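Novice: Before I ask anything, here is the structure I am working with.
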Amino acid sequence: MYRKIVKVFLGSPGDLIPERQAASRIVQEINRNHADFWNVQVELVGWEDTVSRFGRAQAVINQDLDQCEYFVGVMWQRWGSPPGDENHPYTSGFEEEFRRSLERRVKTGAPEISLLFKAPEEGRMQDPGKELTKVLEFKKAVIADHIVLFQEFRETHEFEAKFRALVSDYVQKGIVAERKTEEQTEAGGTGGADGERDITPSDPGDRLFGGDAIGFVSDLILRANPIENVSAADLARFRLLGLAISRSGNDSGTLGVHDANLIFKYRNSFKLTPAEISALLVAGAANITHQNAPLWGWVFRAEGNPGDEIAWQAVMRDNTLKASLINCLTKARNSLGSEDIPLGRDRLIAHWLENDSDEVKKAALSYLEECGTPADFPLLEPLMASTHSTISEYAVSAGIILCADNDIEQALDLLEQHQASSIPSRVLKVLFAHPSRLRSDRLTSLVGHRSTEVRAGAIKILVARDNLSEEAASVLLDDQNPEVRFLALRTLQKKGRTFKADEARKALVREKNKGPGLLMGPTREGEEFFKKFLREHYLAMAEEALTEVVDRSEVYEFDAAYALYERFYKEQFVELARNLNDAFVAEFSRRLNNLTSRVGPSTELISQIEGLSEYVRKAACEEVLEIVCRRGDDSAIDLVRRVLDRDEPPVSRKIIAYFQRYGDWEDLRRVSALVERRNYARTGFFYDTTGDYKAAANAILRLAKSRIADLFTQTFSASLLAQLIYGLTKTQFAELSDLTILSFMSHEGDAVRKAAALKSVLSLSKTRCRKLLTTYTEGDQYRYYNVIHWLDVAVNTPTSFGRSMAVRETIS
């Protein structure tokens with residue numbers, strides 16, 4: 001029988017031999033115990049498995065790497081040796097393997113990537129040395145970019161547990177994904193009986209099941225020709241009854257997503273027992289991350305107050321489920337105020353925080369961030385002092401957030417006591433949300449904080465208050481954060497110190513560390529702040545003096561021209577428009593003449609510069625077009641359209657905003673096309689595009705005005721369509737036909753389906769949502785379970801609960 005091969009690449013430097021040997025044993029164990037059942041064979045690939053072939057060693061390894069669908073990287077204290085000569089772009093074999101895998105993932109969606117970091121030996125952090133420093137910088141980059149999930153471990157046995165879980169989980173998810181289409185097609189089949197079952201035997205209290213459940217099982221057993229007479233929904237409930245009987249040592253299973261949705265579809269055909277409802281609730285909680293199983297309707301059907309059953313299950317279940325159940329309580333903003341929750345609120349939270357699992361601890365800390373009060377602070381103190389750095393940082397973050405509203409000084413004390421190098425953005429947002437609450441002396445003390453984000457936040461406020469001293473600014477001129485250096489330079493300028501262009505460049509621009517990047521090689525950091533310095537310098541000049549600078553400028557010196565056009569827009573519009581209309585051809589030629597006049601004729605130099613003409617002129621057109629969109633009025637609309645259609649520049653919020661103010665229906669396609677274009681050299685591959693799509697959606701909705709129905713006959717990308725749906729008012733969304741809304745809910749784009757479902761929760765009546773849910777779940781059409789998850793919220797929970805949850809999900 002055909003057996004699928006899953007290739008897993010294990011990448012690591014040479015200081016993790018025991019872990020690599022353990023990984024090999026684990027793969028052999030997985031294949032021995034599960035290959036026949038899963039019909040999957042796992043193959044572990046690494047440098048020790050690569051046969052000797054002609055060519056650069058790493059290039060040979062890369063051939064095997066490119067055939068793998070899962071990359072697991074493991075790092076400890078060594079970065080590794082360069083994989084090629086001194087001109088090679090990578091500093092180690094691991095860096096090349098990781099970046100190559102990441103680039104392939106960006107382009108194709110594969111491979112899956114996981115990272116494991118082994119804690120350094122005790123004492124190494126005091127003097128990490130070159131190798132460990134590179135590892136730590138790489139880890140920091142991974143954390144900052146939020147691209148790849150990672151885990152930490154200390155001992156080999158911990159690595160074994162985590163590696164086994166990673167590989168097993170990946171293989172099982174792959175099996176589920178392969179079966180998804182088949183299962184969802186089956187979901188369209190007929191359900192169970194036409195009505196509720198009539199078989200209702202006696203129901204003694206000592207029976208395993210209640211009367212209806214016994215009747216269901218008895219009826220199922222007695223059916224003739226079960227292949228034809230037993231539906232998929234019947235089988236799903238049969239499995240559910242088994243999972244509803246929780247027994248120690250055999251209670252870790254949950255109902256599958258497909259079965260959970262089948263039970264939900266035919267819920268009115270069954271008289272579900274409380275135990276079954278609890279099992280369905282747990283199945284929904286287990287999949288809360290993917291939101292692809294009904295959950296919240298079962299929460300409100302369970303016995304006791306809403307949330308009680310989640311709390312009970314969060315005590316009894318295994319750690320993986322426990323963490324998911326706690327996350328459900330967090331999403332619901334459940335205060336754990338019911339008298340019927342286990343242990344009592346404080347003891348229950350303490351129980352979670354004392355758990356051996358890091359995931360449970362993190363889930364509990366996240367709960368306290370969202371639902372805690374300052375009175376919960378003592379619960380955090382033991383974890384703040386933990387030697388486990390990740391847990392300690394999570395606890396400190398939760399503590400700062402708990403304190404910030406009522407006692408900002410205590411929050412700042414925590415921030416200064418625990419000098420973490422990386423502070424989560426959510427914590428910074430809370431700390432600096434109300435600058436007026438922050439005393440200047442406390443801000444001054446934060447100027448020396450280890451976190452660059454904290455320093456920058458404090459300095460911005462001090463500069464705005466003109467409270468940053470000249471002495472402090474002089475020190476900060478050498479800060480590692482380019483924004484901090486710029487703020488310091490600006491402060492020194494205000495205090496009378498002057499900087500020539502070369503001095504400012506030296507202060508602001510640094511070569512970025514040549515350590516491990518993600519996709520980018522070494523770059524110069526701070527160029528954008530130097531350009532900002534130049535722009536401000538030129539903007540302060542009089543028009544005549546600035547014009548003289550522009551007249552002398554050469555091919556690469558456009559900053560003065562940008563400042564001239566910006567400040568004296570009306571006076572310079574004719575010149576500006578001329579340059580845009582001819583794509584700066586004449587202006588480039590004039591600047592080239594200035595250069596040759598200075599350096600003399602040089603055929604080779606002129607040839608090289610002319611070769612860059614298109615690039616330089618295109619960049620100038622993009623900059624000047626943005627100036628027009630920022631400063632111009634509707635009289636410039638034809639110019640903007642011509643340049644946009646001709647050059648097809650990358651997305652720009654300023655251009656989008658201009659069309660929102662002065663465009664009309666014909667500009668829909670321009671805005672739509674514009675938002676899809678990217679300049680990755682400027683933004684990087686991992687730039688968050690959400691803001692661009694929101695801006696474009698707002699502009700398009702403004703241009704569509706009263707033609708909303710016509711709007712959705714147009715073709716948009718999934719990302720843009722989702723933001724258009726979110727951007728509709730409640731009235732506009734409610735005026736859409738059910739057919740249109742259902743088409744959104746059947747869209748291939750997950751974001752579109754989710755937007756339509758959430759907007760239904762927020763905008764439509766329960767009656768209409770119930771009709772949509774019934775229509776969506778009937779028949780044989782292909783269905784998406786995340787839609788059912790949210791329509792369940794709309795139909796089967798109180799309106800206030802469902803809408804508050806949908807609001808939080810929409811803005812998250």
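Residues are referred to by chain and number: the chain letter is A, B, ... according to the order shown in the structure tokens, the number counts from 1 in that chain, and ligands are numbered separately from 1 in the order shown.
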Which residues are close to A:Val475, i.e. within 12 Å by only C-alpha atoms, leaving aside same-chain residues fewer than 3 positions away? Reply as a list in words.
Specialist: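 That gives Val447, Gly448, Leu468, Ser469, Glu470, Glu471, Ala472, Asp478, Asp479, Gln480, Val484, Arg485, Leu487, Ala488, Leu489, Thr491, Leu492 and Ala507 of chain A.
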Novice: Pick the closest to A:Gly337 from A:Asp358, A:Ala144, A:Asp308, A:Gln41: which is it, counting only C-alpha atoms?
Specialist: A:Asp308
Novice: Enumerate the residues of stretch 395-591 of chain A with a DSSP assignment of alpha helix (DSSP H), computed from the backbone, and present them as a ChimeraX atom specification.
Specialist: /A:395-404,408-417,425-431,440-446,452-464,470-476,482-494,501-508,527-539,543-552,559-567,569-581,585-591
Novice: Give me the residues near A:Ala456 as an MDAnalysis selection string, where near means some atom within 10 Å (using only C-alpha atoms) and where sequence neighbours in that chain fewer than 4 positions away do not count.
Specialist: chainID A and resid 446:447 449 451:452 460:462 481:485 487
Novice: Within 7 Å of stretch 529-542 of chain A, which residues of stretch 552-589 of chain A come that close, and what is the closest atom pair and distance in Å for each? Count only C-alpha atoms and give it as JSON lines.
Specialist:
{"residue": "A:Asp559", "atom": "CA", "partner": "A:Arg535", "partner_atom": "CA", "distance": 6.2}
{"residue": "A:Ala560", "atom": "CA", "partner": "A:Tyr538", "partner_atom": "CA", "distance": 5.8}
{"residue": "A:Ala563", "atom": "CA", "partner": "A:Leu539", "partner_atom": "CA", "distance": 5.4}
{"residue": "A:Arg567", "atom": "CA", "partner": "A:Leu539", "partner_atom": "CA", "distance": 6.5}
Novice: If we count only C-alpha atoms and set the cut-off at 12 Å, which residues sit around A:Glu122, ignoring sequence neighbours fewer than 4 positions away in its own chain? Please answer as a ChimeraX atom specification.
Specialist: /A:77,118,126-128,154,387
Novice: Output C-alpha atoms for every residue in the selection just made, as a compact mmCIF listing (two decimals), in the first residue's frame.
Specialist:
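Writing done, so here's selection34.txt:
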# COMPACT_ATOMS: atom_id res chain seq x y z
CA GLN A 77 25.72 28.47 22.03
CA LYS A 118 18.51 25.57 24.31
CA GLN A 126 28.01 37.44 31.53
CA ASP A 127 30.55 37.04 28.72
CA PRO A 128 28.70 35.42 25.81
CA ARG A 154 17.27 23.25 29.03
CA THR A 387 14.57 31.93 36.84
Novice: Mind checking which residues fall within 9 Å of A:Ser335, counting only C-alpha atoms, ignoring those fewer than 4 positions away in the same chain, and posting them as a ChimeraX atom specification?
Specialist: /A:329-330,345,371-372
Novice: Using N, CA and C atoms, can you write the selected residues to a file as an mmCIF file, in the first residue's frame?
Specialist:
data_model
loop_
_atom_site.group_PDB
_atom_site.id
_atom_site.type_symbol
_atom_site.label_atom_id
_atom_site.label_comp_id
_atom_site.auth_asym_id
_atom_site.auth_seq_id
_atom_site.Cartn_x
_atom_site.Cartn_y
_atom_site.Cartn_z
ATOM 1 N N LEU A 329 -11.816 31.420 28.419
ATOM 2 C CA LEU A 329 -12.275 32.302 29.490
ATOM 3 C C LEU A 329 -11.779 33.726 29.258
ATOM 4 N N THR A 330 -10.561 33.841 28.737
ATOM 5 C CA THR A 330 -10.008 35.165 28.441
ATOM 6 C C THR A 330 -10.802 35.836 27.330
ATOM 7 N N ARG A 345 -12.008 31.571 42.838
ATOM 8 C CA ARG A 345 -11.272 32.287 41.800
ATOM 9 C C ARG A 345 -9.773 32.337 42.054
ATOM 10 N N CYS A 371 -8.350 40.174 32.239
ATOM 11 C CA CYS A 371 -9.488 40.070 33.165
ATOM 12 C C CYS A 371 -9.101 40.309 34.624
ATOM 13 N N GLY A 372 -7.831 40.529 34.892
ATOM 14 C CA GLY A 372 -7.398 40.688 36.280
ATOM 15 C C GLY A 372 -7.628 42.085 36.808
#
Novice: Would you mind telling me which residue in A:Phe573, A:Ser357, A:Arg301, A:Asn287 lies nearest to A:Pro274 when using only C-alpha atoms?
Specialist: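 Nearest candidate to A:Pro274 out of A:Phe573, A:Ser357, A:Arg301, A:Asn287: A:Arg301.
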Novice: Which residues, written as a PyMOL selection string, have at least one atom at most 8 Å from stretch 784-797 of chain A, with only C-alpha atoms counted and residues fewer than 3 positions away on the same chain left out?
Specialist: chain A and resi 261+290-297+300+745-746+753-754+757-758+760-761+766-767+769-770+773+777+801-803
Novice: Can I get the selection written as an mmCIF file, in the first residue's frame, with C-alpha atoms?
Specialist:
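Wrote again_22.cif, looks like this:
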data_model
loop_
_atom_site.group_PDB
_atom_site.id
_atom_site.type_symbol
_atom_site.label_atom_id
_atom_site.label_comp_id
_atom_site.auth_asym_id
_atom_site.auth_seq_id
_atom_site.Cartn_x
_atom_site.Cartn_y
_atom_site.Cartn_z
ATOM 1 C CA ASN A 261 -19.867 20.434 13.182
ATOM 2 C CA HIS A 290 -8.688 28.097 14.423
ATOM 3 C CA GLN A 291 -12.312 28.987 15.327
ATOM 4 C CA ASN A 292 -13.534 26.066 13.236
ATOM 5 C CA ALA A 293 -15.808 24.257 15.713
ATOM 6 C CA PRO A 294 -18.946 25.529 17.483
ATOM 7 C CA LEU A 295 -18.231 26.554 21.058
ATOM 8 C CA TRP A 296 -20.106 29.473 22.550
ATOM 9 C CA GLY A 297 -23.604 28.115 22.003
ATOM 10 C CA PHE A 300 -24.591 28.823 27.199
ATOM 11 C CA MET A 745 -19.318 33.217 3.606
ATOM 12 C CA SER A 746 -18.419 30.741 0.855
ATOM 13 C CA ARG A 753 -15.503 34.530 5.412
ATOM 14 C CA LYS A 754 -14.534 35.696 8.866
ATOM 15 C CA ALA A 757 -19.552 36.222 9.787
ATOM 16 C CA LEU A 758 -18.345 38.808 12.316
ATOM 17 C CA SER A 760 -23.376 39.428 10.710
ATOM 18 C CA VAL A 761 -22.963 39.101 14.465
ATOM 19 C CA LYS A 766 -30.926 36.915 15.484
ATOM 20 C CA THR A 767 -33.787 35.950 13.161
ATOM 21 C CA CYS A 769 -28.625 35.205 11.378
ATOM 22 C CA ARG A 770 -30.619 32.041 12.135
ATOM 23 C CA LEU A 773 -27.089 29.676 9.443
ATOM 24 C CA THR A 777 -25.556 24.393 6.758
ATOM 25 C CA PHE A 801 -22.203 38.783 24.667
ATOM 26 C CA GLY A 802 -21.943 37.941 20.968
ATOM 27 C CA ARG A 803 -21.516 41.506 19.799
#
Novice: Quick one: everything within 8 Å of stretch 716-720 of chain A, counting only C-alpha atoms, minus sequence neighbours fewer than 4 positions away in the same chain. Send it as a PyMOL selection string.
Specialist: chain A and resi 672+693-694+696-697+724+749+751-752
